[in-house]
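Q: This is model-v3.cif, which holds mmCIF, C-alpha atoms:
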data_run
loop_
_atom_site.label_atom_id
_atom_site.label_comp_id
_atom_site.auth_asym_id
_atom_site.auth_seq_id
_atom_site.Cartn_x
_atom_site.Cartn_y
_atom_site.Cartn_z
CA MET A 1 -10.63 -67.05 -85.14
CA GLU A 2 -7.96 -68.81 -83.06
CA PHE A 3 -8.20 -66.11 -80.39
CA LEU A 4 -11.98 -66.48 -80.21
CA LEU A 5 -11.66 -70.26 -79.96
CA ALA A 6 -9.13 -69.93 -77.12
CA ALA A 7 -11.48 -67.65 -75.18
CA LEU A 8 -14.54 -69.86 -75.76
CA VAL A 9 -12.68 -73.06 -74.89
CA GLY A 10 -11.34 -71.35 -71.78
CA VAL A 11 -14.87 -70.45 -70.72
CA ALA A 12 -16.02 -74.04 -71.35
CA ILE A 13 -13.16 -75.49 -69.28
CA GLY A 14 -13.85 -72.94 -66.56
CA VAL A 15 -17.51 -73.95 -66.41
CA VAL A 16 -16.55 -77.62 -66.12
CA VAL A 17 -14.05 -76.82 -63.36
CA GLY A 18 -16.61 -74.62 -61.63
CA VAL A 19 -19.22 -77.39 -61.75
CA LEU A 20 -16.90 -80.23 -60.77
CA GLY A 21 -14.66 -78.28 -58.40
CA ALA A 22 -11.33 -79.49 -59.83
CA GLY A 23 -9.33 -80.46 -62.88
CA GLY A 24 -8.15 -77.14 -64.38
CA GLY A 25 -4.67 -78.22 -65.40
CA ILE A 26 -5.68 -81.79 -66.14
CA LEU A 27 -8.34 -80.61 -68.57
CA ALA A 28 -6.33 -77.74 -70.04
CA VAL A 29 -3.45 -79.82 -71.40
CA PRO A 30 -5.41 -82.09 -73.78
CA VAL A 31 -7.57 -79.15 -74.88
CA LEU A 32 -4.48 -77.10 -75.72
CA ILE A 33 -3.08 -80.04 -77.68
CA TYR A 34 -6.10 -81.23 -79.63
CA LEU A 35 -8.33 -78.17 -79.98
CA LEU A 36 -5.76 -75.38 -80.14
CA GLY A 37 -3.11 -77.39 -81.95
CA GLN A 38 -0.21 -76.96 -79.55
CA ALA A 39 2.65 -79.43 -79.33
CA PRO A 40 2.52 -81.51 -76.12
CA HIS A 41 5.56 -79.87 -74.53
CA ASN A 42 4.27 -76.40 -75.36
CA ALA A 43 0.85 -77.33 -73.98
CA THR A 44 2.24 -78.42 -70.61
CA ALA A 45 4.21 -75.18 -70.33
CA SER A 46 1.15 -73.13 -71.30
CA SER A 47 -0.95 -75.01 -68.76
CA LEU A 48 1.46 -73.93 -66.03
CA VAL A 49 0.78 -70.29 -66.93
CA ILE A 50 -2.97 -70.92 -66.70
CA VAL A 51 -2.59 -72.72 -63.37
CA LEU A 52 -0.38 -69.92 -62.01
CA LEU A 53 -2.81 -67.15 -62.95
CA SER A 54 -5.81 -69.10 -61.70
CA ALA A 55 -4.11 -69.90 -58.39
CA ILE A 56 -3.10 -66.28 -57.81
CA THR A 57 -6.64 -65.08 -58.50
CA ALA A 58 -8.26 -67.62 -56.19
CA LEU A 59 -5.59 -67.22 -53.51
CA ILE A 60 -6.53 -63.58 -52.92
CA SER A 61 -10.07 -64.39 -51.82
CA HIS A 62 -8.95 -67.33 -49.67
CA ALA A 63 -6.29 -65.19 -47.99
CA ARG A 64 -8.90 -62.56 -47.13
CA ALA A 65 -11.00 -65.32 -45.58
CA HIS A 66 -7.96 -66.47 -43.55
CA ASN A 67 -8.02 -69.93 -45.12
CA VAL A 68 -4.32 -69.93 -46.07
CA GLN A 69 -1.81 -71.44 -43.65
CA TRP A 70 1.23 -69.55 -44.92
CA LYS A 71 3.98 -71.25 -42.90
CA ALA A 72 2.82 -74.77 -43.70
CA GLY A 73 2.15 -73.82 -47.32
CA PHE A 74 5.66 -72.48 -47.83
CA THR A 75 7.14 -75.48 -46.00
CA PHE A 76 5.30 -77.88 -48.30
CA GLY A 77 6.05 -75.57 -51.23
CA ILE A 78 9.82 -75.63 -50.73
CA PHE A 79 9.91 -79.34 -51.52
CA ALA A 80 7.26 -78.99 -54.25
CA ILE A 81 9.32 -76.26 -55.91
CA SER A 82 12.34 -78.57 -56.04
CA GLY A 83 10.24 -81.33 -57.58
CA ALA A 84 8.60 -78.96 -60.08
CA PHE A 85 11.95 -77.56 -61.22
CA ALA A 86 13.36 -81.07 -61.61
CA GLY A 87 10.24 -82.21 -63.46
CA ALA A 88 10.44 -79.22 -65.81
CA ARG A 89 14.03 -80.07 -66.68
CA ILE A 90 13.13 -83.72 -67.24
CA ALA A 91 10.05 -83.04 -69.39
CA PRO A 92 11.86 -81.94 -72.60
CA ARG A 93 13.81 -85.19 -72.56
CA ILE A 94 10.59 -87.19 -72.83
CA SER A 95 9.33 -87.86 -76.34
CA GLU A 96 5.98 -86.35 -77.27
CA ASN A 97 4.27 -89.73 -77.65
CA LEU A 98 5.59 -90.91 -74.29
CA LEU A 99 4.56 -87.64 -72.65
CA VAL A 100 1.02 -88.00 -73.98
CA THR A 101 0.92 -91.65 -72.90
CA LEU A 102 2.10 -90.84 -69.38
CA PHE A 103 -0.39 -88.00 -69.15
CA ALA A 104 -3.21 -90.31 -70.24
CA ALA A 105 -2.07 -92.80 -67.58
CA LEU A 106 -2.23 -90.01 -64.99
CA LEU A 107 -5.78 -89.21 -66.10
CA LEU A 108 -6.80 -92.85 -65.72
CA LEU A 109 -5.21 -93.07 -62.27
CA VAL A 110 -6.99 -89.95 -61.06
CA SER A 111 -10.20 -91.23 -62.65
CA ALA A 112 -9.94 -94.50 -60.71
CA LEU A 113 -9.34 -92.63 -57.45
CA MET A 114 -12.29 -90.33 -58.13
CA GLY A 115 -14.50 -93.27 -59.04
CA TYR A 116 -13.66 -94.97 -55.75
CA ARG A 117 -14.30 -91.73 -53.87
CA GLY A 118 -17.62 -91.35 -55.68
CA TRP A 119 -18.64 -94.83 -54.58
CA LYS A 120 -17.80 -93.99 -50.96
CA ILE A 121 -19.64 -90.69 -51.14
CA ARG A 122 -22.73 -92.31 -52.69
CA ARG A 123 -22.83 -94.84 -49.84
CA GLN A 124 -22.65 -92.05 -47.28
CA GLU A 125 -25.27 -90.01 -49.16
CA ASN A 126 -27.63 -92.94 -48.91
CA SER A 127 -26.98 -93.30 -45.18
CA PRO A 128 -28.74 -91.20 -42.52
CA ARG A 129 -25.75 -88.82 -42.51
CA LYS A 130 -26.29 -86.08 -45.12
CA PHE A 131 -23.76 -83.96 -46.91
CA SER A 132 -23.44 -80.20 -46.98
CA VAL A 133 -24.31 -78.62 -50.31
CA ASP A 134 -21.00 -76.76 -50.07
CA TYR A 135 -18.99 -79.98 -50.20
CA HIS A 136 -17.01 -80.55 -53.41
CA PRO A 137 -15.61 -84.10 -53.40
CA GLU A 138 -13.11 -83.54 -56.21
CA THR A 139 -11.04 -81.12 -54.15
CA GLU A 140 -12.18 -81.96 -50.63
CA PRO A 141 -12.01 -85.20 -48.60
CA ASP A 142 -14.96 -86.94 -47.08
CA PRO A 143 -16.69 -84.74 -44.47
CA ALA A 144 -16.13 -87.48 -41.90
CA LEU A 145 -12.39 -86.86 -42.27
CA ALA A 146 -12.61 -83.12 -41.72
CA THR A 147 -11.94 -81.59 -38.33
CA PRO A 148 -13.69 -78.52 -36.96
CA ASP A 149 -12.40 -75.19 -38.25
CA THR A 150 -11.07 -74.37 -34.77
CA THR A 151 -8.72 -77.36 -34.73
CA PRO A 152 -5.12 -76.25 -35.40
CA PRO A 153 -2.82 -78.20 -37.74
CA HIS A 154 -0.80 -80.88 -35.96
CA ASP A 155 2.97 -81.43 -36.02
CA VAL A 156 4.24 -83.21 -39.11
CA ASN A 157 7.04 -85.59 -40.00
CA LEU A 158 9.63 -83.94 -42.25
CA THR A 159 10.05 -87.13 -44.27
CA SER A 160 6.34 -87.21 -45.08
CA ILE A 161 6.12 -83.60 -46.12
CA SER A 162 9.29 -83.76 -48.23
CA ALA A 163 8.16 -86.90 -50.07
CA ALA A 164 4.66 -85.51 -50.66
CA GLY A 165 5.99 -82.14 -51.79
CA LEU A 166 8.48 -83.67 -54.20
CA LEU A 167 5.82 -85.95 -55.69
CA VAL A 168 3.37 -83.12 -56.28
CA GLY A 169 6.13 -80.93 -57.68
CA VAL A 170 7.37 -83.53 -60.15
CA LEU A 171 3.83 -84.14 -61.43
CA SER A 172 3.31 -80.41 -61.86
CA GLY A 173 6.67 -79.83 -63.53
CA ILE A 174 6.38 -82.66 -66.05
CA PHE A 175 2.68 -82.55 -66.91
CA GLY A 176 1.80 -78.89 -66.35
CA VAL A 177 -0.97 -79.69 -63.86
CA GLY A 178 -1.72 -77.82 -60.67
CA GLY A 179 -1.91 -80.98 -58.61
CA GLY A 180 -4.86 -79.80 -56.54
CA PHE A 181 -6.36 -83.30 -56.72
CA ALA A 182 -3.32 -84.49 -54.73
CA VAL A 183 -2.37 -81.43 -52.67
CA VAL A 184 -5.67 -81.02 -50.81
CA PRO A 185 -5.89 -84.62 -49.47
CA LEU A 186 -2.18 -84.54 -48.58
CA LEU A 187 -2.59 -81.34 -46.58
CA ILE A 188 -5.55 -82.92 -44.78
CA PHE A 189 -3.74 -86.11 -43.83
CA ILE A 190 -0.23 -84.73 -43.28
CA PHE A 191 -1.05 -81.49 -41.50
CA GLY A 192 -4.51 -82.26 -40.17
CA PHE A 193 -5.97 -79.24 -41.97
CA THR A 194 -9.67 -78.58 -42.23
CA ILE A 195 -11.19 -78.56 -45.70
CA ARG A 196 -11.10 -74.77 -45.96
CA GLN A 197 -7.50 -74.59 -44.75
CA ALA A 198 -6.38 -77.28 -47.19
CA THR A 199 -8.19 -75.72 -50.14
CA GLY A 200 -6.79 -72.25 -49.48
CA THR A 201 -3.25 -73.46 -48.74
CA SER A 202 -3.22 -75.71 -51.81
CA LEU A 203 -3.55 -72.61 -53.98
CA LEU A 204 -0.31 -71.27 -52.50
CA VAL A 205 1.43 -74.58 -53.21
CA MET A 206 0.04 -74.68 -56.76
CA MET A 207 1.21 -71.11 -57.37
CA LEU A 208 4.73 -71.96 -56.21
CA THR A 209 4.98 -75.19 -58.20
CA ALA A 210 3.61 -73.60 -61.38
CA ALA A 211 6.11 -70.75 -61.10
CA ALA A 212 8.97 -73.20 -60.47
CA GLY A 213 7.87 -75.32 -63.43
CA LEU A 214 7.96 -72.28 -65.69
CA VAL A 215 11.39 -71.22 -64.42
CA GLY A 216 12.62 -74.76 -65.00
CA ARG A 217 11.60 -74.52 -68.64
CA ILE A 218 13.85 -71.54 -69.31
CA ASP A 219 16.43 -72.44 -71.99
CA THR A 220 14.40 -75.49 -73.01
CA PRO A 221 12.87 -75.84 -76.51
CA VAL A 222 9.30 -74.84 -75.56
CA THR A 223 7.24 -71.95 -76.86
CA ILE A 224 4.32 -70.27 -75.11
CA ASP A 225 1.75 -68.52 -77.28
CA TRP A 226 1.04 -65.74 -74.79
CA PRO A 227 -2.05 -64.16 -76.42
CA ILE A 228 -3.72 -67.57 -76.70
CA VAL A 229 -2.78 -68.60 -73.18
CA LEU A 230 -3.89 -65.32 -71.58
CA LEU A 231 -7.23 -65.41 -73.41
CA PHE A 232 -7.68 -69.02 -72.34
CA ALA A 233 -6.93 -68.11 -68.72
CA ALA A 234 -9.32 -65.15 -68.76
CA GLY A 235 -12.08 -67.27 -70.27
CA SER A 236 -11.45 -70.01 -67.72
CA ALA A 237 -11.76 -67.54 -64.85
CA LEU A 238 -15.09 -66.30 -66.23
CA GLY A 239 -16.34 -69.84 -66.80
CA GLY A 240 -15.45 -70.79 -63.24
CA LEU A 241 -17.71 -68.04 -61.93
CA LEU A 242 -20.55 -69.32 -64.13
CA GLY A 243 -20.06 -73.00 -63.32
CA GLU A 244 -19.71 -72.88 -59.55
CA PRO A 245 -23.42 -72.16 -58.85
CA ILE A 246 -24.41 -74.93 -61.27
CA GLY A 247 -22.31 -77.47 -59.39
CA ARG A 248 -24.24 -76.85 -56.19
CA ARG A 249 -27.38 -78.23 -57.83
CA PHE A 250 -25.97 -81.77 -58.14
CA ARG A 251 -25.26 -84.51 -55.62
CA PRO A 252 -21.55 -84.65 -54.68
CA SER A 253 -21.29 -88.28 -55.77
CA THR A 254 -22.80 -87.45 -59.17
CA LEU A 255 -20.20 -84.73 -59.73
CA THR A 256 -17.43 -87.12 -58.71
CA TYR A 257 -18.63 -89.77 -61.15
CA LEU A 258 -18.91 -87.16 -63.91
CA PHE A 259 -15.37 -86.01 -63.26
CA SER A 260 -14.11 -89.59 -63.28
CA GLY A 261 -15.93 -90.38 -66.51
CA LEU A 262 -14.69 -87.21 -68.21
CA LEU A 263 -11.10 -88.13 -67.42
CA VAL A 264 -11.57 -91.62 -68.90
CA VAL A 265 -12.98 -90.12 -72.10
CA MET A 266 -10.13 -87.64 -72.43
CA ALA A 267 -7.47 -90.26 -71.72
CA SER A 268 -9.02 -92.62 -74.29
CA LEU A 269 -9.15 -89.90 -76.95
CA MET A 270 -5.51 -89.01 -76.32
CA LEU A 271 -4.38 -92.63 -76.66
CA VAL A 272 -6.48 -93.20 -79.79
CA GLU A 273 -5.15 -90.01 -81.37
CA THR A 274 -1.56 -90.95 -80.53
CA TYR A 275 -1.52 -94.61 -81.56
CA LEU A 276 -4.42 -95.27 -83.93
CA LEU A 277 -4.87 -92.10 -86.00
#
The structure given in the file should be rewritten as structure tokens.
A:
Amino acid sequence: MEFLLAALVGVAIGVVVGVLGAGGGILAVPVLIYLLGQAPHNATASSLVIVLLSAITALISHARAHNVQWKAGFTFGIFAISGAFAGARIAPRISENLLVTLFAALLLLVSALMGYRGWKIRRQENSPRKFSVDYHPETEPDPALATPDTTPPHDVNLTSISAAGLLVGVLSGIFGVGGGFAVVPLLIFIFGFTIRQATGTSLLVMMLTAAAGLVGRIDTPVTIDWPIVLLFAAGSALGGLLGEPIGRRFRPSTLTYLFSGLLVVMASLMLVETYLL
């Protein structure tokens, strides 16, 4: 029964991610904790496995489409790996209640950012400028910020890329999230990537940080239930294929607001479960 639940929940999460265009790791952690009964530290480690497998799968198609900027991705990834390893070593030292609280705070922060983005997108939707149906606001910046696909990435400041990489890595290592909600905008603003370049390259960064986070958890008191996690990941991949066409039927701002609202609900449930129940 637990195996079936893992597969079904994975499909459900995949559909949500496919519809909204983001949030795999952010949604996986609370689901692993509260629906599949995993301890918080085990859930964050398991989420890294799911993020790693999902990133590898998606990276293949983006690489074939030449959307991955390998040199820049590995450059960003070097610093992200360091942050992820450090975060993974720090995570076991954080109490379970504090870990859940910090994760809920991260959800609320991302929710606020998404809500603000949704407001901006709605204003632009209501202006004469129209959006492409292929635009997914949760993982892509405003179209006005994107440069043509022929524009090459610009030179970057090493301080900026190191700080951004470390930040993303630490978040991934501690909380077990992919960090796509942060990586894509950072690649746009730091490197001057187009949307497609940033989306494809972010998968490489997410793959590297997830792997580093898992390596950093070696010899720490965490346990990964591999059958459950692999079934969850397989279901999520299937759900993503089902949800992506559905997402194209909605206005970008509506999807952004839905994503923001979902994060508020999940954060609230986590805090209530931790402190009131």
Q: Env of A:Ile13: 10 Å cut, atoms = all atoms listed in the file, seq-sep filter 6 positions within chain, self excluded. Answer as a list in words.
A: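 The neighbour list is Ala7, Val19, Gly23, Gly24, Gly25, Leu27, Ala28, Val31, Phe232, Ala233, Gly235, Ser236, Ala237, Leu238, Gly239, Gly240 and Gly243 of chain A.
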Q: Starting from the shown file, work through the PyMOL selection byres ((chain A and resi 217) around 12) and note down what comes out as a PyMOL selection string.
A: chain A and resi 41-42+44-46+48-49+84-93+173-174+176+210-216+218-224
Q: Which residues, written as a PyMOL selection string, have at least one atom at most 6 Å from A:Thr256, with all atoms listed in the file counted and residues fewer than 3 positions away on the same chain left out?
A: chain A and resi 118+253+259
Q: Could you name the residues that touch A:Ala63 at 9 Å or less, counting all atoms listed in the file, but leaving out those on the same chain fewer than 5 positions away, as a list in words?
A: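 Surrounding residues, per the criterion: Ala58, Val68, Gln69, Gly200 and Thr201 of chain A.
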Q: One decimal, Å: what's the distance from atom CA of A:Leu59 over to atom CA of A:Met207, could you say?
A: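 Interatomic distance, atom CA of A:Leu59 to atom CA of A:Met207: 8.7 Å.
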Q: Which value, in Å to one decimal, gives the distance between atom CA of A:Ile56 and atom CA of A:Pro30?
A: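 According to the coordinates, atom CA of A:Ile56 and atom CA of A:Pro30 are separated by 22.6 Å.
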Q: What is the atom CA of A:Val264 to atom CA of A:Leu107 distance in Å?
A: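 Calculated distance between atom CA of A:Val264 and atom CA of A:Leu107 is 6.9 Å.
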Q: With distances taken over all atoms listed in the file, which of A:Thr209, A:Leu258, A:Leu113, A:Gly83 is nearest to A:Ser162?
A: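 For A:Ser162, the nearest of the candidates is A:Gly83.
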Q: If we count only C-alpha atoms, what is near A:Val168 at a cut-off of 8 Å, once residues fewer than 3 positions away on the same chain are taken out, given as a list in words?
A: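 The contact residues come out as Ala80, Gly83, Ala84, Ala164, Gly165, Leu171, Ser172, Gly179, Ala182 and Val183 of chain A.
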Q: If we count only C-alpha atoms, what is near A:Leu269 at a cut-off of 12 Å, once residues fewer than 6 positions away on the same chain are taken out, given as a PyMOL selection string?
A: chain A and resi 30-31+33-34+100-101+103-104+107-108+262-263+275-277
Q: Using only C-alpha atoms, which of A:Ala43, A:Ala198, A:Phe191, A:Gly169 sits nearest A:Trp226?
A: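 Closest to A:Trp226 of all the choices is A:Ala43.
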